[in-house]
$ cat query_14.cif   # mmCIF, C-alpha atoms and all ligand atoms
data_model
loop_
_atom_site.label_atom_id
_atom_site.label_comp_id
_atom_site.auth_asym_id
_atom_site.auth_seq_id
_atom_site.Cartn_x
_atom_site.Cartn_y
_atom_site.Cartn_z
CA MET A 1 -25.88 -26.12 62.13
CA GLY A 2 -28.94 -27.43 63.92
CA GLN A 3 -31.76 -25.53 65.53
CA GLY A 4 -29.91 -24.92 68.78
CA ARG A 5 -31.03 -26.31 72.06
CA VAL A 6 -32.44 -25.07 75.35
CA LYS A 7 -31.55 -26.79 78.61
CA GLN A 8 -34.64 -27.52 80.64
CA ASP A 9 -33.09 -27.85 84.14
CA MET A 10 -34.37 -24.82 85.94
CA SER A 11 -32.16 -22.59 88.03
CA ASN A 12 -32.84 -19.11 89.44
CA VAL A 13 -31.16 -17.47 86.47
CA LEU A 14 -34.23 -15.70 85.11
CA THR A 15 -35.22 -14.27 88.49
CA HIS A 16 -31.73 -12.87 88.93
CA TYR A 17 -31.66 -11.63 85.36
CA ARG A 18 -34.97 -9.76 85.64
CA TYR A 19 -33.80 -7.94 88.74
CA LEU A 20 -30.26 -7.13 87.54
CA HIS A 21 -31.62 -6.02 84.17
CA SER A 22 -33.86 -3.52 85.97
CA ILE A 23 -30.96 -1.82 87.79
CA PRO A 24 -28.24 -1.17 85.16
CA GLU A 25 -25.26 0.63 86.68
CA PRO A 26 -22.11 1.88 84.89
CA GLY A 27 -18.56 0.73 85.63
CA PHE A 28 -17.36 1.10 89.24
CA GLN A 29 -20.87 2.21 90.23
CA GLU A 30 -22.42 -1.28 90.42
CA PHE A 31 -23.56 -0.68 94.02
CA LYS A 32 -27.06 -2.17 93.95
CA THR A 33 -25.88 -4.96 91.65
CA ALA A 34 -23.02 -5.90 93.99
CA ASP A 35 -25.31 -5.72 97.01
CA TYR A 36 -27.79 -8.11 95.44
CA LEU A 37 -25.10 -10.58 94.35
CA ALA A 38 -23.32 -10.51 97.72
CA GLY A 39 -26.59 -11.02 99.61
CA LYS A 40 -27.62 -13.99 97.48
CA LEU A 41 -24.16 -15.57 97.72
CA GLU A 42 -24.22 -15.26 101.51
CA GLU A 43 -27.71 -16.80 101.62
CA ALA A 44 -26.37 -19.68 99.55
CA GLY A 45 -23.56 -20.27 102.07
CA TYR A 46 -20.57 -18.61 100.41
CA LYS A 47 -17.89 -16.64 102.20
CA VAL A 48 -18.20 -13.27 100.50
CA THR A 49 -15.49 -10.64 100.11
CA ARG A 50 -16.95 -7.30 99.07
CA ASN A 51 -15.25 -4.16 97.77
CA LEU A 52 -12.27 -5.92 96.21
CA ALA A 53 -9.37 -3.42 96.01
CA GLY A 54 -11.83 -0.74 97.13
CA SER A 55 -14.08 -1.29 94.10
CA THR A 56 -17.59 -2.69 93.68
CA GLY A 57 -16.03 -6.07 92.77
CA LEU A 58 -16.83 -9.05 94.97
CA ALA A 59 -16.21 -12.76 95.25
CA GLY A 60 -18.05 -15.65 96.83
CA GLU A 61 -15.76 -18.45 97.92
CA TYR A 62 -16.39 -22.06 98.89
CA ASP A 63 -13.54 -24.20 100.16
CA SER A 64 -14.37 -27.91 100.20
CA GLY A 65 -11.50 -28.57 102.61
CA ILE A 66 -10.32 -31.40 100.32
CA PRO A 67 -7.12 -30.81 98.31
CA GLY A 68 -7.83 -29.84 94.71
CA PRO A 69 -7.59 -26.97 92.27
CA VAL A 70 -8.87 -23.44 92.78
CA VAL A 71 -11.40 -22.64 90.06
CA ALA A 72 -12.72 -19.14 89.44
CA ILE A 73 -15.60 -18.25 87.17
CA ARG A 74 -15.59 -14.56 86.39
CA ALA A 75 -18.62 -12.52 85.37
CA ASP A 76 -18.72 -8.80 84.64
CA MET A 77 -21.42 -6.58 86.15
CA ASP A 78 -21.37 -3.17 84.45
CA ALA A 79 -23.78 -1.52 82.05
CA LEU A 80 -22.95 0.93 79.28
CA THR A 81 -23.86 4.59 79.38
CA HIS A 82 -25.78 5.54 76.24
CA VAL A 83 -27.16 8.95 75.34
CA ILE A 84 -30.86 8.28 74.74
CA ASP A 85 -33.19 11.17 73.93
CA GLY A 86 -30.46 13.54 75.07
CA GLN A 87 -30.15 11.85 78.48
CA LYS A 88 -27.22 9.79 79.74
CA THR A 89 -28.79 6.41 80.39
CA ALA A 90 -27.20 3.22 81.74
CA ARG A 91 -28.27 0.11 79.84
CA HIS A 92 -27.20 -3.50 79.82
CA SER A 93 -26.52 -3.48 76.10
CA CYS A 94 -23.55 -5.88 76.41
CA GLY A 95 -25.42 -8.46 78.49
CA HIS A 96 -23.27 -8.30 81.62
CA ASP A 97 -26.48 -8.67 83.65
CA ALA A 98 -26.86 -12.06 81.93
CA HIS A 99 -23.30 -13.08 82.84
CA SER A 100 -23.76 -12.15 86.51
CA SER A 101 -27.14 -13.92 86.62
CA MET A 102 -25.72 -17.13 85.15
CA LEU A 103 -22.78 -17.15 87.55
CA LEU A 104 -24.96 -16.47 90.58
CA ALA A 105 -27.43 -19.16 89.50
CA VAL A 106 -24.74 -21.80 89.07
CA ALA A 107 -23.10 -20.82 92.38
CA GLU A 108 -26.43 -21.39 94.13
CA LYS A 109 -27.03 -24.65 92.30
CA VAL A 110 -23.66 -26.32 92.94
CA MET A 111 -23.86 -25.32 96.60
CA ALA A 112 -27.42 -26.56 97.09
CA GLU A 113 -26.61 -29.84 95.35
CA GLY A 114 -23.24 -30.36 97.09
CA LYS A 115 -21.37 -30.60 93.81
CA ILE A 116 -18.05 -29.08 94.93
CA LYS A 117 -16.31 -32.11 96.38
CA LYS A 118 -12.67 -31.01 96.22
CA GLY A 119 -10.61 -27.84 95.88
CA LYS A 120 -12.04 -24.36 96.01
CA PHE A 121 -14.60 -22.48 93.92
CA LYS A 122 -14.60 -18.71 93.56
CA ALA A 123 -17.48 -16.84 91.95
CA LEU A 124 -15.81 -13.60 90.90
CA PHE A 125 -17.96 -10.61 90.00
CA GLN A 126 -15.93 -7.94 88.24
CA PRO A 127 -16.82 -4.28 87.77
CA ALA A 128 -16.10 -1.95 84.87
CA GLU A 129 -15.28 -4.33 82.03
CA GLU A 130 -16.47 -1.75 79.51
CA LEU A 131 -14.01 0.80 80.89
CA GLY A 132 -11.19 -1.70 80.39
CA ALA A 133 -10.25 -1.07 84.00
CA GLY A 134 -12.16 -3.62 86.06
CA ALA A 135 -9.88 -6.64 85.69
CA LEU A 136 -6.81 -4.51 86.43
CA LYS A 137 -8.55 -3.20 89.56
CA ILE A 138 -9.42 -6.73 90.74
CA LEU A 139 -5.77 -7.72 90.18
CA GLU A 140 -4.80 -5.15 92.83
CA SER A 141 -6.50 -7.45 95.35
CA ASP A 142 -5.17 -10.95 96.08
CA ILE A 143 -8.38 -12.74 95.06
CA VAL A 144 -6.93 -14.44 91.96
CA ASP A 145 -3.42 -15.05 93.35
CA ASP A 146 -4.17 -18.70 94.20
CA VAL A 147 -6.41 -19.43 91.18
CA ASP A 148 -5.48 -22.40 88.95
CA TYR A 149 -8.33 -22.15 86.42
CA ILE A 150 -10.31 -19.09 85.33
CA ILE A 151 -13.36 -19.25 83.10
CA GLY A 152 -15.31 -16.48 81.43
CA MET A 153 -18.50 -16.43 79.39
CA HIS A 154 -20.08 -13.83 77.12
CA ILE A 155 -23.36 -13.87 75.26
CA ARG A 156 -22.75 -13.50 71.51
CA PRO A 157 -24.47 -11.51 68.80
CA ILE A 158 -26.54 -13.55 66.38
CA GLN A 159 -23.98 -12.90 63.61
CA GLU A 160 -21.30 -14.82 65.58
CA CYS A 161 -23.14 -17.66 67.25
CA PRO A 162 -26.60 -19.05 66.48
CA PRO A 163 -29.05 -19.14 69.39
CA GLY A 164 -28.87 -22.39 71.32
CA SER A 165 -25.21 -22.90 70.35
CA ALA A 166 -21.98 -22.40 72.24
CA ILE A 167 -18.45 -21.41 71.25
CA CYS A 168 -15.87 -23.33 73.30
CA GLU A 169 -12.89 -21.07 72.75
CA LEU A 170 -13.77 -17.46 72.06
CA ARG A 171 -10.58 -15.83 70.84
CA TYR A 172 -10.83 -12.13 71.54
CA ALA A 173 -8.75 -9.57 69.75
CA ALA A 174 -6.67 -6.85 71.40
CA GLY A 175 -8.38 -3.48 71.68
CA CYS A 176 -6.98 -0.08 72.57
CA HIS A 177 -8.47 3.42 72.76
CA PHE A 178 -6.48 6.59 72.92
CA SER A 179 -6.70 10.26 72.06
CA ALA A 180 -4.24 12.86 70.82
CA LEU A 181 -4.52 16.48 71.89
CA ILE A 182 -3.31 18.58 68.99
CA ARG A 183 -2.12 22.13 69.49
CA GLY A 184 -2.22 24.67 66.72
CA ARG A 185 -2.19 28.46 66.99
CA GLN A 186 -5.24 30.66 67.47
CA ALA A 187 -5.98 33.37 64.95
CA HIS A 188 -8.80 35.66 63.82
CA GLY A 189 -10.92 34.00 61.14
CA SER A 190 -9.96 36.73 58.68
CA LYS A 191 -6.22 36.14 59.22
CA PRO A 192 -5.73 32.35 58.99
CA HIS A 193 -2.13 32.86 57.82
CA LEU A 194 -1.27 33.99 61.37
CA GLY A 195 -2.60 30.77 62.89
CA ILE A 196 -2.13 27.03 62.60
CA ASN A 197 -5.48 25.31 62.31
CA PRO A 198 -5.50 22.21 64.56
CA ILE A 199 -8.56 20.92 62.68
CA ASP A 200 -6.54 20.80 59.46
CA ALA A 201 -3.70 19.20 61.42
CA ALA A 202 -6.06 16.59 62.82
CA THR A 203 -7.34 15.71 59.33
CA CYS A 204 -3.69 15.29 58.19
CA ALA A 205 -3.14 12.98 61.18
CA ILE A 206 -6.26 10.95 60.39
CA ALA A 207 -5.22 10.61 56.74
CA ALA A 208 -1.76 9.43 57.85
CA VAL A 209 -3.30 6.90 60.25
CA ASN A 210 -5.63 5.62 57.53
CA ALA A 211 -2.56 4.96 55.37
CA ILE A 212 -1.03 2.55 57.91
CA HIS A 213 -0.68 -0.95 56.51
CA LEU A 214 0.33 -3.93 58.58
CA ASP A 215 0.81 -7.35 57.02
CA PRO A 216 -2.52 -8.02 55.27
CA ARG A 217 -2.53 -11.60 56.54
CA LEU A 218 -3.19 -10.11 59.99
CA SER A 219 -6.57 -8.96 61.08
CA TYR A 220 -6.49 -5.41 62.47
CA SER A 221 -8.21 -2.05 62.20
CA ILE A 222 -7.71 1.51 63.33
CA LYS A 223 -10.23 4.30 62.93
CA CYS A 224 -10.93 7.79 64.30
CA THR A 225 -14.05 7.57 66.47
CA ARG A 226 -14.22 11.04 68.05
CA PHE A 227 -13.19 14.54 66.89
CA HIS A 228 -13.51 17.58 69.14
CA ALA A 229 -12.52 21.14 68.27
CA ASP A 230 -14.45 24.10 69.55
CA SER A 231 -13.02 27.40 70.69
CA GLY A 232 -16.54 28.55 71.54
CA VAL A 233 -16.78 30.88 68.54
CA PHE A 234 -17.07 30.23 64.82
CA ASN A 235 -15.00 33.14 63.57
CA SER A 236 -11.61 32.19 64.94
CA VAL A 237 -9.11 29.43 64.32
CA PRO A 238 -9.12 27.33 67.51
CA GLU A 239 -5.99 26.43 69.43
CA TYR A 240 -6.79 22.78 70.15
CA ALA A 241 -8.36 19.75 68.52
CA GLU A 242 -8.65 16.32 70.03
CA ILE A 243 -8.98 13.10 68.07
CA THR A 244 -9.72 9.68 69.51
CA PHE A 245 -8.94 6.33 67.91
CA ASP A 246 -10.20 2.79 68.32
CA MET A 247 -7.62 0.10 67.46
CA ARG A 248 -8.13 -3.66 67.13
CA ALA A 249 -5.61 -6.40 66.38
CA GLN A 250 -5.79 -10.17 66.46
CA ASP A 251 -2.74 -10.60 68.66
CA ASN A 252 -0.70 -8.59 71.11
CA PRO A 253 2.47 -8.10 68.98
CA SER A 254 0.32 -6.70 66.13
CA MET A 255 -1.37 -4.31 68.55
CA ASN A 256 2.03 -3.05 69.74
CA GLU A 257 3.11 -2.48 66.16
CA LEU A 258 -0.14 -0.71 65.31
CA LYS A 259 0.22 1.53 68.34
CA GLU A 260 3.80 2.53 67.45
CA GLN A 261 2.85 3.29 63.84
CA ALA A 262 -0.24 5.27 64.88
CA ILE A 263 1.76 7.49 67.21
CA ARG A 264 4.34 8.13 64.50
CA ALA A 265 1.64 8.86 61.89
CA ILE A 266 -0.17 11.33 64.15
CA GLU A 267 3.02 13.16 65.21
CA ASN A 268 4.23 13.45 61.63
CA GLY A 269 0.76 14.18 60.23
CA VAL A 270 0.22 17.22 62.45
CA ALA A 271 3.82 18.34 61.93
CA ALA A 272 3.08 18.64 58.20
CA ILE A 273 1.42 21.99 58.89
CA GLY A 274 3.39 23.01 61.97
CA ALA A 275 1.07 21.75 64.71
CA THR A 276 2.20 19.55 67.59
CA VAL A 277 0.77 16.77 69.71
CA GLU A 278 0.56 18.13 73.23
CA LYS A 279 -0.29 14.75 74.73
CA PHE A 280 -1.45 11.25 74.01
CA GLU A 281 -3.89 9.75 76.47
CA PHE A 282 -4.50 6.00 76.58
CA TYR A 283 -7.85 5.00 78.05
CA THR A 284 -8.12 1.27 77.64
CA HIS A 285 -6.00 -1.62 76.58
CA PHE A 286 -7.59 -5.04 76.27
CA PRO A 287 -4.98 -7.73 75.64
CA ALA A 288 -5.80 -10.30 72.98
CA ALA A 289 -6.79 -13.78 74.18
CA GLU A 290 -3.86 -15.57 75.77
CA GLY A 291 -3.52 -18.45 78.19
CA PHE A 292 -6.10 -20.84 76.69
CA ASP A 293 -5.51 -24.25 78.15
CA ARG A 294 -6.00 -27.31 75.90
CA GLU A 295 -7.24 -29.54 78.72
CA LEU A 296 -9.70 -26.93 79.99
CA THR A 297 -10.99 -26.16 76.50
CA LYS A 298 -11.59 -29.89 75.99
CA ILE A 299 -13.60 -30.00 79.23
CA ILE A 300 -15.58 -26.96 78.06
CA ARG A 301 -16.21 -28.60 74.68
CA GLU A 302 -17.50 -31.81 76.26
CA SER A 303 -19.61 -29.85 78.75
CA ALA A 304 -21.11 -27.68 76.00
CA ALA A 305 -21.84 -30.73 73.85
CA ALA A 306 -23.67 -32.36 76.76
CA VAL A 307 -25.86 -29.27 77.12
CA VAL A 308 -26.50 -27.97 73.57
CA GLY A 309 -25.58 -31.07 71.58
CA GLU A 310 -22.50 -31.85 69.53
CA GLU A 311 -24.06 -30.26 66.43
CA ASN A 312 -24.45 -26.91 68.20
CA THR A 313 -20.96 -26.88 69.69
CA ILE A 314 -18.56 -24.56 67.87
CA PRO A 315 -14.92 -25.39 68.70
CA PHE A 316 -13.54 -21.85 68.37
CA PHE A 317 -14.28 -18.42 66.96
CA ASP A 318 -12.02 -15.42 66.31
CA THR A 319 -13.91 -12.28 67.28
CA SER A 320 -12.82 -8.70 66.68
CA GLY A 321 -14.33 -7.78 70.06
CA GLY A 322 -12.21 -7.07 73.15
CA GLU A 323 -12.41 -8.42 76.73
CA ASP A 324 -10.45 -7.32 79.77
CA PHE A 325 -10.79 -10.93 81.08
CA PHE A 326 -7.43 -11.69 79.46
CA CYS A 327 -5.67 -9.34 81.88
CA TYR A 328 -5.87 -12.26 84.36
CA PRO A 329 -3.90 -14.87 82.37
CA VAL A 330 -1.58 -12.18 80.98
CA LYS A 331 -0.66 -11.13 84.54
CA PHE A 332 -0.51 -14.75 85.81
CA PRO A 333 0.65 -16.99 82.94
CA HIS A 334 0.30 -20.10 85.14
CA ILE A 335 -3.51 -19.63 85.25
CA LYS A 336 -5.33 -21.92 82.84
CA ALA A 337 -7.97 -19.88 81.05
CA GLY A 338 -11.11 -20.75 79.14
CA PHE A 339 -13.68 -18.50 77.52
CA ILE A 340 -17.12 -19.54 76.31
CA GLY A 341 -19.37 -17.74 73.84
CA LEU A 342 -23.09 -18.34 74.37
CA GLY A 343 -25.54 -18.14 71.49
CA VAL A 344 -28.67 -16.36 72.72
CA GLY A 345 -29.80 -14.58 69.56
CA ALA A 346 -28.56 -11.12 70.62
CA GLU A 347 -29.74 -8.52 68.10
CA PRO A 348 -29.14 -6.16 66.38
CA CYS A 349 -25.66 -6.31 67.96
CA LEU A 350 -23.96 -5.88 71.31
CA HIS A 351 -23.53 -2.25 72.45
CA HIS A 352 -26.65 -1.21 70.52
CA GLN A 353 -28.90 0.66 72.92
CA ASP A 354 -31.78 -1.64 71.94
CA MET A 355 -29.79 -4.90 72.11
CA HIS A 356 -32.11 -7.75 73.06
CA PHE A 357 -31.94 -11.54 73.14
CA ASP A 358 -33.96 -14.58 74.12
CA THR A 359 -33.43 -15.13 77.84
CA LYS A 360 -34.52 -18.78 77.65
CA TYR A 361 -30.99 -19.60 76.45
CA LEU A 362 -29.40 -18.42 79.72
CA GLU A 363 -30.20 -21.79 81.24
CA ASN A 364 -27.67 -23.25 78.75
CA GLY A 365 -24.96 -21.02 80.20
CA VAL A 366 -25.77 -22.10 83.75
CA SER A 367 -25.62 -25.77 82.76
CA ILE A 368 -22.33 -25.44 80.88
CA HIS A 369 -20.74 -23.68 83.87
CA GLU A 370 -22.16 -26.40 86.14
CA LYS A 371 -20.75 -29.25 84.06
CA VAL A 372 -17.31 -27.61 83.88
CA LEU A 373 -17.31 -27.20 87.68
CA GLU A 374 -18.34 -30.84 88.13
CA ARG A 375 -15.42 -31.93 85.95
CA LEU A 376 -12.86 -29.78 87.74
CA LEU A 377 -14.10 -29.93 91.33
CA GLY A 378 -16.58 -32.83 91.49
ZN ZN A 401 -19.21 -4.70 75.77
ZN ZN A 402 -19.32 -7.31 77.34
#

$ encode --input "query_14.cif" --output "structure tokens"
Amino acid sequence: MGQGRVKQDMSNVLTHYRYLHSIPEPGFQEFKTADYLAGKLEEAGYKVTRNLAGSTGLAGEYDSGIPGPVVAIRADMDALTHVIDGQKTARHSCGHDAHSSMLLAVAEKVMAEGKIKKGKFKALFQPAEELGAGALKILESDIVDDVDYIIGMHIRPIQECPPGSAICELRYAAGCHFSALIRGRQAHGSKPHLGINPIDAATCAIAAVNAIHLDPRLSYSIKCTRFHADSGVFNSVPEYAEITFDMRAQDNPSMNELKEQAIRAIENGVAAIGATVEKFEFYTHFPAAEGFDRELTKIIRESAAAVVGEENTIPFFDTSGGEDFFCYPVKFPHIKAGFIGLGVGAEPCLHHQDMHFDTKYLENGVSIHEKVLERLLG
């Protein structure tokens, strides 16, 4: 692996990034972010549709009037809510401000330079990726109904992609988060034999879940990530406990199998001491990467090589991370999808409240997007 490369062609990406980075907003509350993006797209000459499906999502559209494919580049806009010094604080710890900045910058550039010569280009800004709900919300609108190609990009942590490099096919895993509300029976702390302790039941459920084994050739994980039980007093057996799980699997059939086994393990685990599961609640479900198109991935690979050099172009990478981007090709299997990972030196890792990276590499993302657009619509 070489030293990585920085594209020198200057766009407005850093100006956009500095502003968007200063106004982090959580999922479905990207009001200022959406306002800024919509305003800049309109200034650049795009037809802008705001409030897609009643959300903060928006799209800028340019129709060349010449027959050709409809190409969408999708960027996410939301920040994460961390608890910092006891305060809920929105921060762009996943770099979605970078994604929006790169997409806006390339939209301005291709318009100013007249590079869309056929077909239609849609710059799609999606809310609430972190909530696993944004793509599904956008799909309630008709904005992607006519799309032939959809492209996503995500900055990568330094462990996955060296700075100045690019991954041409980032294969995301499936991710799913759910909780189980476990009901026991309340009792005085001195008379535990009259109660059923839901905390004990929850630990039985967790042990049962930890004993799940899928085929070891598959990559998957399941772990308890949250445990709540508090009746408000310390001298009584509480009635309820709630446990939350994070599940990952490399493909969608494995995720379905993991989900079925987890539900069975939790139900039977709590039943071991007479407790019951009152309800399961599923929060998010990110499908694993599907819909990658060979021809599009080849175009991405050639575009990336032209920007960062062949030696810094990584053909594919299997990540355990999740992305709701794949809701688009899963819903519309005819859409040709591509997903690019951008090496920017993000440390210590994404979702860390102090995640930081070298913004000079964002120009690479703009240029890769630009070259892909030139190939598809030039
Ligand atoms: Zn994230
Ligand atoms: Zn992200």

$ atom_distance --input "query_14.cif" --atom1 "CA of Pro238 in chain A" --atom2 "CA of Gln261 in chain A"
27.1 Å

$ residues_near_ligand --input "query_14.cif" --ligand "ligand ZN 402 (chain A)" --cutoff "9 Å" --atoms "only C-alpha atoms and all ligand atoms" --output "PyMOL selection string"
chain A and resi 76+78-79+93-96+99+129-130+154-155+321-323+350-351

$ write_last_selection --input "query_14.cif" --atoms "C-alpha atoms" --output "mmCIF file, keeping the file's coordinate frame"
data_model
loop_
_atom_site.group_PDB
_atom_site.id
_atom_site.type_symbol
_atom_site.label_atom_id
_atom_site.label_comp_id
_atom_site.auth_asym_id
_atom_site.auth_seq_id
_atom_site.Cartn_x
_atom_site.Cartn_y
_atom_site.Cartn_z
ATOM 1 C CA ASP A 76 -18.720 -8.800 84.640
ATOM 2 C CA ASP A 78 -21.370 -3.170 84.450
ATOM 3 C CA ALA A 79 -23.780 -1.520 82.050
ATOM 4 C CA SER A 93 -26.520 -3.480 76.100
ATOM 5 C CA CYS A 94 -23.550 -5.880 76.410
ATOM 6 C CA GLY A 95 -25.420 -8.460 78.490
ATOM 7 C CA HIS A 96 -23.270 -8.300 81.620
ATOM 8 C CA HIS A 99 -23.300 -13.080 82.840
ATOM 9 C CA GLU A 129 -15.280 -4.330 82.030
ATOM 10 C CA GLU A 130 -16.470 -1.750 79.510
ATOM 11 C CA HIS A 154 -20.080 -13.830 77.120
ATOM 12 C CA ILE A 155 -23.360 -13.870 75.260
ATOM 13 C CA GLY A 321 -14.330 -7.780 70.060
ATOM 14 C CA GLY A 322 -12.210 -7.070 73.150
ATOM 15 C CA GLU A 323 -12.410 -8.420 76.730
ATOM 16 C CA LEU A 350 -23.960 -5.880 71.310
ATOM 17 C CA HIS A 351 -23.530 -2.250 72.450
#

$ atom_distance --input "query_14.cif" --atom1 "CA of Ile368 in chain A" --atom2 "CA of Gly341 in chain A"
10.8 Å

$ residues_around --input "query_14.cif" --residues "Leu214 in chain A" --least-positions-apart "6" --cutoff "9 Å" --atoms "all atoms listed in the file" --output "list in words"
Tyr220, Ser254, Glu257 and Leu258 of chain A

$ atom_distance --input "query_14.cif" --atom1 "CA of Met111 in chain A" --atom2 "CA of Ser141 in chain A"
24.9 Å

$ closest_residue --input "query_14.cif" --among "A:Ile299, A:Ala262, A:Cys176, A:Leu373" --to "Ala133 in chain A" --atoms "only C-alpha atoms"
A:Cys176
